[in-house]
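J.: Sharing work.csv below, CSV, C-alpha atoms:
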chain,number,residue,atom,x,y,z
A,19,MET,CA,-8.6,4.4,30.3
A,20,LYS,CA,-6.9,5.3,27.0
A,21,ILE,CA,-7.8,3.5,23.8
A,22,LEU,CA,-5.8,3.9,20.6
A,23,ILE,CA,-7.7,3.1,17.4
A,24,ALA,CA,-5.3,2.6,14.4
A,25,PRO,CA,-7.0,0.8,11.5
A,26,ASP,CA,-6.4,0.7,7.7
A,27,SER,CA,-9.2,1.2,5.3
A,28,PHE,CA,-11.8,-1.5,4.5
A,29,LYS,CA,-11.2,-1.6,0.7
A,30,GLU,CA,-14.1,-0.7,-1.5
A,31,SER,CA,-16.1,0.2,1.6
A,32,LEU,CA,-14.8,2.7,4.1
A,33,ALA,CA,-11.7,4.9,4.4
A,34,ALA,CA,-9.4,4.3,7.4
A,35,GLU,CA,-10.7,7.5,9.1
A,36,GLN,CA,-14.3,6.2,8.8
A,37,VAL,CA,-13.4,2.8,10.2
A,38,ALA,CA,-11.7,4.5,13.2
A,39,PHE,CA,-14.7,6.6,14.0
A,40,ALA,CA,-17.1,3.7,13.7
A,41,ILE,CA,-15.0,1.7,16.2
A,42,GLU,CA,-14.8,4.7,18.6
A,43,SER,CA,-18.6,5.1,18.3
A,44,GLY,CA,-19.2,1.5,19.3
A,45,PHE,CA,-16.8,1.6,22.2
A,46,ARG,CA,-18.3,4.9,23.5
A,47,GLU,CA,-21.6,3.1,24.1
A,48,VAL,CA,-19.8,1.1,26.8
A,49,PHE,CA,-16.9,3.4,27.8
A,50,PRO,CA,-18.3,6.9,27.4
A,51,ASN,CA,-15.6,8.5,29.5
A,52,ALA,CA,-12.5,6.8,28.1
A,53,SER,CA,-9.9,8.7,26.3
A,54,TYR,CA,-9.8,7.9,22.6
A,55,VAL,CA,-7.1,8.5,20.0
A,56,CYS,CA,-8.0,7.8,16.4
A,57,LEU,CA,-5.0,7.3,14.2
A,58,PRO,CA,-6.0,6.1,10.7
A,59,VAL,CA,-3.0,4.5,9.1
A,60,ALA,CA,-2.1,2.6,5.9
A,61,ASP,CA,0.7,0.2,4.8
A,62,GLY,CA,1.8,1.8,1.6
A,63,GLY,CA,-1.3,0.9,-0.4
A,64,GLU,CA,-4.6,2.8,-0.6
A,65,GLY,CA,-5.0,5.6,2.0
A,66,THR,CA,-1.2,6.2,2.5
A,67,THR,CA,-1.4,9.7,1.1
A,68,ASP,CA,-4.4,10.7,3.0
A,69,SER,CA,-3.1,9.3,6.3
A,70,LEU,CA,0.3,11.1,6.1
A,71,VAL,CA,-1.1,14.4,4.8
A,72,SER,CA,-3.7,14.4,7.5
A,73,ALA,CA,-1.3,13.4,10.3
A,74,THR,CA,1.2,16.1,9.3
A,75,LYS,CA,-1.3,18.8,8.3
A,76,GLY,CA,0.1,18.8,4.8
A,77,ILE,CA,-1.4,19.7,1.4
A,78,LEU,CA,-3.0,17.6,-1.3
A,79,HIS,CA,-2.3,18.3,-5.0
A,80,HIS,CA,-4.0,17.0,-8.1
A,81,GLU,CA,-2.5,16.3,-11.5
A,82,SER,CA,-3.7,15.1,-14.9
A,83,VAL,CA,-1.6,12.1,-15.7
A,84,THR,CA,-1.6,8.9,-17.8
A,85,GLY,CA,-3.8,6.1,-16.4
A,86,PRO,CA,-3.0,2.4,-16.5
A,87,MET,CA,-4.6,1.8,-19.8
A,88,GLY,CA,-3.3,5.0,-21.4
A,89,GLU,CA,-6.3,7.2,-20.6
A,90,ALA,CA,-6.0,10.7,-19.0
A,91,VAL,CA,-6.9,10.6,-15.2
A,92,LYS,CA,-6.8,13.0,-12.3
A,93,ALA,CA,-4.5,11.7,-9.6
A,94,GLN,CA,-3.6,13.2,-6.2
A,95,TRP,CA,-0.4,13.4,-4.3
A,96,GLY,CA,0.6,15.2,-1.2
A,97,THR,CA,3.3,17.3,0.5
A,98,LEU,CA,3.8,16.7,4.2
A,99,GLY,CA,3.5,19.5,6.8
A,100,ARG,CA,6.8,21.3,6.3
A,101,GLY,CA,6.6,21.0,2.5
A,102,GLN,CA,9.9,19.2,2.1
A,103,THR,CA,8.6,15.7,1.6
A,104,ALA,CA,6.1,14.4,-1.0
A,105,VAL,CA,3.9,11.3,-0.7
A,106,ILE,CA,2.7,9.5,-3.8
A,107,GLU,CA,0.5,6.4,-4.1
A,108,MET,CA,1.3,4.6,-7.3
A,109,ALA,CA,-2.4,3.4,-7.2
A,110,ALA,CA,-3.5,7.0,-7.6
A,111,ALA,CA,-2.3,7.0,-11.2
A,112,SER,CA,-1.7,3.3,-12.0
A,113,GLY,CA,-4.1,1.5,-9.7
A,114,LEU,CA,-6.4,-1.5,-10.3
A,115,GLU,CA,-9.5,0.4,-9.3
A,116,ARG,CA,-8.8,2.7,-12.3
A,117,VAL,CA,-9.7,-0.2,-14.6
A,118,ALA,CA,-13.0,-2.0,-15.0
A,119,LYS,CA,-12.8,-5.7,-14.4
A,120,GLU,CA,-13.5,-6.6,-18.0
A,121,ASP,CA,-10.8,-4.3,-19.2
A,122,ARG,CA,-7.9,-5.4,-16.9
A,123,ASN,CA,-4.9,-6.6,-18.9
A,124,PRO,CA,-1.4,-6.5,-17.3
A,125,LEU,CA,0.2,-7.1,-20.7
A,126,LEU,CA,-0.9,-3.6,-21.6
A,127,ALA,CA,-1.2,-1.7,-18.3
A,128,THR,CA,1.5,0.9,-17.7
A,129,SER,CA,3.0,2.7,-14.7
A,130,TYR,CA,3.8,5.8,-16.8
A,131,GLY,CA,1.4,8.0,-14.7
A,132,THR,CA,3.3,7.2,-11.5
A,133,GLY,CA,6.4,8.6,-13.2
A,134,GLU,CA,4.5,11.8,-14.1
A,135,LEU,CA,3.5,12.2,-10.4
A,136,ILE,CA,7.1,12.0,-9.4
A,137,MET,CA,8.0,14.5,-12.1
A,138,ALA,CA,5.3,16.9,-10.7
A,139,ALA,CA,6.8,16.6,-7.2
A,140,MET,CA,10.4,17.2,-8.5
A,141,ASN,CA,9.1,20.3,-10.3
A,142,GLN,CA,8.0,21.7,-7.0
A,143,GLY,CA,11.6,21.3,-5.6
A,144,ILE,CA,10.8,18.1,-3.6
A,145,ARG,CA,13.9,16.0,-3.0
A,146,HIS,CA,12.4,13.4,-0.5
A,147,ILE,CA,9.6,11.3,-1.8
A,148,ILE,CA,7.6,8.6,0.0
A,149,VAL,CA,6.0,6.2,-2.6
A,150,GLY,CA,3.3,3.8,-1.6
A,151,LEU,CA,3.3,0.6,-3.5
A,152,GLY,CA,0.1,-1.4,-3.6
A,153,GLY,CA,-3.1,-1.8,-5.5
A,154,SER,CA,-1.5,-1.7,-8.9
A,155,ALA,CA,-3.0,-2.6,-12.3
A,156,THR,CA,0.4,-3.0,-13.8
A,157,ASN,CA,3.0,-5.8,-14.2
A,158,ASP,CA,5.8,-3.8,-16.0
A,159,ALA,CA,8.4,-3.6,-13.2
A,160,GLY,CA,8.2,0.2,-13.3
A,161,ALA,CA,9.2,0.3,-17.0
A,162,GLY,CA,6.5,2.9,-17.8
A,163,MET,CA,7.3,5.0,-14.7
A,164,MET,CA,11.0,5.2,-15.6
A,165,GLN,CA,10.1,6.0,-19.3
A,166,ALA,CA,8.2,9.0,-18.0
A,167,LEU,CA,11.3,10.0,-16.2
A,168,GLY,CA,13.6,9.7,-19.3
A,169,LEU,CA,14.7,6.0,-19.4
A,170,LYS,CA,15.0,4.7,-22.9
A,171,LEU,CA,13.8,1.1,-23.5
A,172,SER,CA,14.2,0.0,-27.1
A,173,ASP,CA,13.7,-3.1,-29.2
A,174,ALA,CA,16.1,-4.7,-31.6
A,175,ALA,CA,15.2,-2.2,-34.3
A,176,GLY,CA,16.0,0.7,-31.9
A,177,GLU,CA,12.3,1.6,-31.5
A,178,GLU,CA,10.9,2.7,-28.1
A,179,LEU,CA,8.9,0.0,-26.4
A,180,PRO,CA,5.2,0.5,-26.1
A,181,PRO,CA,3.5,0.4,-22.7
A,182,GLY,CA,2.8,-2.7,-20.7
A,183,GLY,CA,4.4,-5.8,-19.3
A,184,GLY,CA,3.8,-7.7,-22.5
A,185,ALA,CA,6.2,-5.5,-24.5
A,186,LEU,CA,9.2,-6.3,-22.2
A,187,SER,CA,9.7,-9.6,-24.2
A,188,ARG,CA,11.0,-7.4,-27.1
A,189,LEU,CA,13.3,-5.3,-24.9
A,190,ALA,CA,16.8,-5.3,-26.4
A,191,ALA,CA,18.6,-2.3,-24.8
A,192,ILE,CA,18.3,0.0,-21.8
A,193,ASP,CA,19.7,3.6,-22.1
A,194,THR,CA,19.9,5.6,-18.8
A,195,SER,CA,21.7,8.6,-20.3
A,196,ALA,CA,18.5,10.7,-20.7
A,197,LEU,CA,17.1,10.1,-17.2
A,198,ASP,CA,16.1,13.3,-15.4
A,199,PRO,CA,19.3,14.4,-13.6
A,200,ARG,CA,17.3,15.5,-10.6
A,201,LEU,CA,16.6,11.8,-9.8
A,202,SER,CA,20.1,11.5,-8.4
A,203,GLN,CA,19.3,14.2,-5.8
A,204,VAL,CA,16.0,12.6,-4.7
A,205,LYS,CA,15.8,10.2,-1.7
A,206,PHE,CA,13.0,7.7,-2.3
A,207,GLU,CA,11.4,5.8,0.6
A,208,VAL,CA,9.4,3.1,-1.1
A,209,ALA,CA,6.7,1.8,1.1
A,210,CYS,CA,6.0,-1.9,0.5
A,211,ASP,CA,3.0,-3.7,1.9
A,212,VAL,CA,4.4,-7.1,0.7
A,213,ASP,CA,7.9,-8.6,0.6
A,214,ASN,CA,7.5,-10.7,-2.6
A,215,PRO,CA,10.5,-11.0,-5.0
A,216,LEU,CA,10.2,-9.9,-8.7
A,217,ILE,CA,10.0,-13.3,-10.3
A,218,GLY,CA,9.3,-16.9,-9.5
A,219,PRO,CA,6.4,-18.7,-7.7
A,220,GLN,CA,6.2,-16.0,-5.1
A,221,GLY,CA,6.9,-13.2,-7.6
A,222,ALA,CA,4.8,-10.3,-8.9
A,223,SER,CA,3.2,-12.2,-11.8
A,224,ALA,CA,2.4,-15.5,-10.1
A,225,VAL,CA,1.0,-14.0,-6.9
A,226,PHE,CA,-0.7,-10.8,-8.0
A,227,GLY,CA,-1.1,-11.3,-11.8
A,228,PRO,CA,-4.5,-13.1,-11.6
A,229,GLN,CA,-6.2,-10.3,-9.7
A,230,LYS,CA,-5.1,-8.0,-12.5
A,231,GLY,CA,-6.7,-10.1,-15.2
A,232,ALA,CA,-3.9,-12.6,-16.0
A,233,ASP,CA,-4.8,-16.2,-16.8
A,234,SER,CA,-2.2,-19.0,-16.3
A,235,GLN,CA,-0.7,-18.6,-19.7
A,236,MET,CA,-0.4,-14.8,-19.2
A,237,VAL,CA,1.2,-15.3,-15.8
A,238,SER,CA,3.9,-17.4,-17.4
A,239,GLN,CA,4.5,-14.9,-20.1
A,240,LEU,CA,4.7,-12.0,-17.7
A,241,ASP,CA,7.1,-13.8,-15.4
A,242,ALA,CA,9.4,-14.6,-18.3
A,243,ASN,CA,9.2,-11.0,-19.4
A,244,LEU,CA,10.2,-9.7,-15.9
A,245,ALA,CA,13.0,-12.2,-15.8
A,246,HIS,CA,14.2,-10.9,-19.2
A,247,PHE,CA,14.0,-7.3,-17.9
A,248,SER,CA,15.8,-8.2,-14.8
A,249,ASP,CA,18.7,-9.7,-16.8
A,250,LEU,CA,19.1,-6.6,-18.9
A,251,ILE,CA,18.9,-4.4,-15.7
A,252,ARG,CA,21.8,-6.5,-14.3
A,253,GLN,CA,23.8,-6.1,-17.5
A,254,THR,CA,23.2,-2.3,-17.4
A,255,THR,CA,23.5,-1.5,-13.7
A,256,ASP,CA,25.3,-4.6,-12.2
A,257,LEU,CA,22.3,-5.0,-9.8
A,258,ASN,CA,20.3,-8.2,-9.6
A,259,VAL,CA,16.8,-7.2,-8.6
A,260,SER,CA,15.1,-10.5,-9.3
A,261,GLN,CA,15.0,-11.9,-5.8
A,262,ILE,CA,15.2,-8.8,-3.5
A,263,PRO,CA,12.3,-8.8,-1.0
A,264,GLY,CA,9.8,-6.2,-2.0
A,265,ALA,CA,11.0,-6.0,-5.6
A,266,GLY,CA,7.8,-7.7,-6.8
A,267,ALA,CA,5.5,-5.2,-5.0
A,268,ALA,CA,3.1,-3.3,-7.3
A,269,GLY,CA,3.8,-5.4,-10.4
A,270,GLY,CA,7.5,-5.2,-9.9
A,271,LEU,CA,7.6,-1.4,-9.4
A,272,GLY,CA,9.9,-2.0,-6.4
A,273,ALA,CA,12.4,-3.5,-8.8
A,274,GLY,CA,12.2,-0.4,-11.0
A,275,PHE,CA,12.9,1.9,-8.1
A,276,LEU,CA,15.9,-0.2,-6.9
A,277,ALA,CA,17.4,-0.3,-10.4
A,278,PHE,CA,17.2,3.3,-11.5
A,279,THR,CA,16.7,5.6,-8.5
A,280,ASN,CA,18.2,6.3,-5.1
A,281,ALA,CA,15.5,4.2,-3.4
A,282,GLU,CA,15.2,2.2,-0.2
A,283,LEU,CA,12.5,-0.4,0.1
A,284,LYS,CA,10.9,-0.3,3.6
A,285,SER,CA,7.9,-1.7,5.3
A,286,GLY,CA,5.1,0.6,4.3
A,287,ILE,CA,3.4,0.4,7.7
A,288,ASP,CA,6.6,1.3,9.5
A,289,ILE,CA,7.0,4.4,7.4
A,290,VAL,CA,3.5,5.5,8.2
A,291,LEU,CA,3.7,4.7,11.9
A,292,ASP,CA,6.9,6.7,12.2
A,293,ALA,CA,5.3,9.6,10.3
A,294,VAL,CA,2.2,9.7,12.6
A,295,ASP,CA,4.5,9.2,15.6
A,296,ILE,CA,2.5,6.3,17.0
A,297,ASP,CA,5.1,5.6,19.7
A,298,SER,CA,4.3,8.8,21.5
A,299,GLN,CA,0.8,7.6,21.9
A,300,LEU,CA,1.5,4.0,22.9
A,301,ALA,CA,3.4,4.7,26.0
A,302,ASP,CA,0.3,5.2,28.1
A,303,THR,CA,-2.3,3.3,26.1
A,304,ASP,CA,-4.4,0.6,27.7
A,305,LEU,CA,-5.8,-1.0,24.5
A,306,VAL,CA,-5.1,-0.9,20.8
A,307,ILE,CA,-7.6,-1.7,18.1
A,308,THR,CA,-6.6,-2.1,14.5
A,309,GLY,CA,-7.9,-3.8,11.4
A,310,GLU,CA,-8.4,-3.9,7.7
A,311,GLY,CA,-10.9,-5.3,5.2
A,312,ARG,CA,-9.4,-8.8,5.2
A,313,ILE,CA,-7.1,-10.6,7.5
A,314,ASP,CA,-5.5,-13.7,6.0
A,315,SER,CA,-2.2,-15.5,5.6
A,316,GLN,CA,-0.8,-12.5,3.6
A,317,SER,CA,-1.4,-10.2,6.6
A,318,ILE,CA,1.9,-11.3,8.2
A,319,ARG,CA,3.9,-10.0,5.1
A,320,GLY,CA,3.7,-6.4,6.2
A,321,LYS,CA,0.0,-5.5,6.4
A,322,THR,CA,-1.4,-2.8,8.7
A,323,PRO,CA,-2.8,-4.9,11.6
A,324,VAL,CA,0.4,-6.9,12.1
A,325,GLY,CA,2.6,-3.7,11.8
A,326,VAL,CA,0.5,-1.9,14.4
A,327,ALA,CA,0.5,-5.0,16.7
A,328,LYS,CA,4.3,-5.3,16.5
A,329,ARG,CA,4.7,-1.7,17.5
A,330,ALA,CA,2.1,-2.0,20.3
A,331,LYS,CA,3.9,-5.0,21.8
A,332,LEU,CA,7.0,-2.9,22.4
A,333,TYR,CA,4.8,-1.1,25.0
A,334,LYS,CA,3.1,-4.3,26.2
A,335,CYS,CA,-0.3,-3.1,24.9
A,336,PRO,CA,-3.0,-5.7,24.2
A,337,VAL,CA,-4.2,-5.6,20.6
A,338,ILE,CA,-7.6,-6.5,19.0
A,339,ALA,CA,-8.1,-6.6,15.3
A,340,LEU,CA,-11.3,-6.2,13.3
A,341,ALA,CA,-11.8,-7.3,9.7
A,342,GLY,CA,-14.5,-7.6,7.1
A,343,SER,CA,-13.5,-11.2,6.6
A,344,VAL,CA,-11.1,-13.5,8.4
A,345,GLU,CA,-9.4,-16.4,6.5
A,346,GLY,CA,-9.7,-19.7,8.3
A,347,ASN,CA,-6.0,-20.5,8.3
A,348,SER,CA,-4.8,-17.1,9.5
A,349,GLY,CA,-3.7,-18.4,12.9
A,350,SER,CA,-0.1,-17.3,12.3
A,351,ILE,CA,-1.1,-13.7,13.0
A,352,TYR,CA,-1.4,-14.5,16.7
A,353,GLU,CA,2.4,-15.0,16.7
A,354,GLN,CA,2.8,-11.5,15.4
A,355,GLY,CA,1.3,-9.7,18.5
A,356,ILE,CA,-2.4,-9.7,17.7
A,357,ASP,CA,-4.3,-11.0,20.7
A,358,ALA,CA,-7.8,-11.5,19.2
A,359,VAL,CA,-9.4,-11.1,15.8
A,360,PHE,CA,-13.0,-10.6,15.0
A,361,SER,CA,-15.0,-10.4,11.7
A,362,VAL,CA,-17.4,-7.6,11.7
A,363,VAL,CA,-19.9,-9.4,9.5
A,364,PRO,CA,-22.7,-10.8,11.7
A,365,GLY,CA,-23.7,-13.7,9.5
A,366,VAL,CA,-24.0,-14.9,5.9
A,367,MET,CA,-24.7,-12.0,3.6
A,368,ALA,CA,-23.9,-10.9,0.0
A,369,ILE,CA,-20.6,-9.1,-0.5
A,370,ASP,CA,-22.5,-6.0,-1.7
A,371,ASP,CA,-24.6,-5.9,1.4
A,372,ALA,CA,-21.5,-6.4,3.6
A,373,LEU,CA,-19.8,-3.5,1.9
A,374,GLN,CA,-22.8,-1.2,2.2
A,375,LYS,CA,-23.4,-2.1,5.9
A,376,ALA,CA,-19.8,-2.0,6.9
A,377,GLU,CA,-20.0,1.1,9.1
A,378,VAL,CA,-23.0,-0.3,11.1
A,379,ASN,CA,-21.4,-3.7,11.4
A,380,ILE,CA,-18.1,-2.3,12.6
A,381,ARG,CA,-19.8,-0.1,15.2
A,382,GLU,CA,-22.0,-3.0,16.5
A,383,ARG,CA,-19.0,-5.4,16.7
A,384,ALA,CA,-16.9,-2.8,18.5
A,385,ARG,CA,-19.7,-2.2,21.0
A,386,ASN,CA,-19.8,-5.9,21.8
A,387,ILE,CA,-16.1,-6.2,22.1
A,388,ALA,CA,-16.2,-3.2,24.5
A,389,ALA,CA,-18.8,-5.0,26.6
A,390,VAL,CA,-16.6,-8.1,26.9
A,391,TRP,CA,-13.6,-5.9,27.7
A,392,ALA,CA,-15.6,-4.3,30.4
A,393,LEU,CA,-16.5,-7.7,31.9
A,394,ALA,CA,-12.9,-8.8,31.8
A,395,ARG,CA,-11.8,-5.7,33.7
A,396,GLY,CA,-14.4,-6.5,36.4
As structure tokens, how would this structure be written, given the file I've shared?
T.:
Amino acid sequence: MKILIAPDSFKESLAAEQVAFAIESGFREVFPNASYVCLPVADGGEGTTDSLVSATKGILHHESVTGPMGEAVKAQWGTLGRGQTAVIEMAAASGLERVAKEDRNPLLATSYGTGELIMAAMNQGIRHIIVGLGGSATNDAGAGMMQALGLKLSDAAGEELPPGGGALSRLAAIDTSALDPRLSQVKFEVACDVDNPLIGPQGASAVFGPQKGADSQMVSQLDANLAHFSDLIRQTTDLNVSQIPGAGAAGGLGAGFLAFTNAELKSGIDIVLDAVDIDSQLADTDLVITGEGRIDSQSIRGKTPVGVAKRAKLYKCPVIALAGSVEGNSGSIYEQGIDAVFSVVPGVMAIDDALQKAEVNIRERARNIAAVWALARG
């Protein structure tokens, strides 16, 4: 019997690789002689760089760049096995976890450091860059990123705009003439883990702004600022980015890529699954186990468990998903190819305890699932 284990990370608890090994450990208690393939994956958010570099035997690099609140931070990026493709997580430079909860402010947070990582990759001759969107602290539609790459954003007085989504209300002119000319030679594959548009009730500000520190008044302000930026982008490039699916990912970073680079927005999980060549493993697999920290109504919008399940169903493989928490109204995921979902938390416990005991809980839940699977197989 062959079991393919392809989970995402359990955020703030375990990396995807640790989750996969915990699941395998639990299953081995019941099926010690099964063949196990651990394939840690990601959907464009946290863990994408590690997953792709590990799967292709690539190299990790580290740069000193600008953090989301303007501080200097160390951020990693990777080159894949043959050295011709780079992978960058915007969260590495501009992520929410870079900012303490009490300091989070999307009016001020900037994606400038993400642009610096792109510059570092271009400086090494890279002309194919996979960018993972997700986990951002920003809501500037990639304005900071593009400023790092030479875009000029000025106010009515001709002064360069300061960082952050709040400053976009003062934007009067966009000048693309000083953009790094190498950008036109780079193919960007932008890995989205959501398909939200840039503005509106399902847009970047309304859906993701609150987790970045925005109250209701700030959400309205940010959404209006992104709408204004979108209008000026349309005037400058003839491209309307306001309602393109995925444009609202990572605080609108998807829109920035579409407007000013040779970018294609793609499902993040599909990019990763292709890169790790999951199809070659699925053809003779008997059971697939996937999962992530939380499974809820957002999971159907491009998250790892659903992406893995859809690919597995092409090969008629049964799929079981594990999660730290399962939202009560997440039933729609069963229509996406997942056959069963289990929370790994054994009972009521504090969040901190659940995070600390995640590895043990995953292993024990996996062991019990394996026992039921053994009974079902007779």
J.: Calculate how many Å separate atom CA of Phe275 of chain A from atom CA of Met164 of chain A, rounding to one decimal.
T.: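 For atom CA of Phe275 of chain A relative to atom CA of Met164 of chain A, the distance reads 8.4 Å.
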J.: What's around Ser343 of chain A at 8 Å? Count all atoms listed in the file, leave out sequence neighbours fewer than 6 positions away in its own chain, and write the answer as a ChimeraX atom specification.
T.: /A:311-313,361-363
J.: Quick one: everything within 10 Å of Tyr352 of chain A, counting only C-alpha atoms, minus sequence neighbours fewer than 5 positions away in the same chain. Send it as a VMD selection string.
T.: chain A and resid 318 324 327 357 to 359
J.: Choose the residue, out of A:Ala40, A:Ala341, A:Ala34, A:Ile356, that has the smallest atom-to-atom separation from Val326 of chain A; count all atoms listed in the file.
T.: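 Looking at the shortest contact to Val326 of chain A, the residue is A:Ile356.
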J.: Identify which of the residues A:Cys335, A:Leu300, A:Ala161, A:Ala191 lies closest to Gly133 of chain A, counting all atoms listed in the file when measuring atom-to-atom distances.
T.: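 Looking at the shortest contact to Gly133 of chain A, the residue is A:Ala161.
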J.: Identify, on the basis of only C-alpha atoms, every residue whose closest approach to Ile338 of chain A does not exceed 12 Å; exclude the query and any residue fewer than 5 positions from it along the same chain; express the result as number ranges by chain.
T.: A: 21-25, 41, 304-310, 323-324, 326-327, 330-331, 351-352, 355-361, 383-384, 387-388, 391
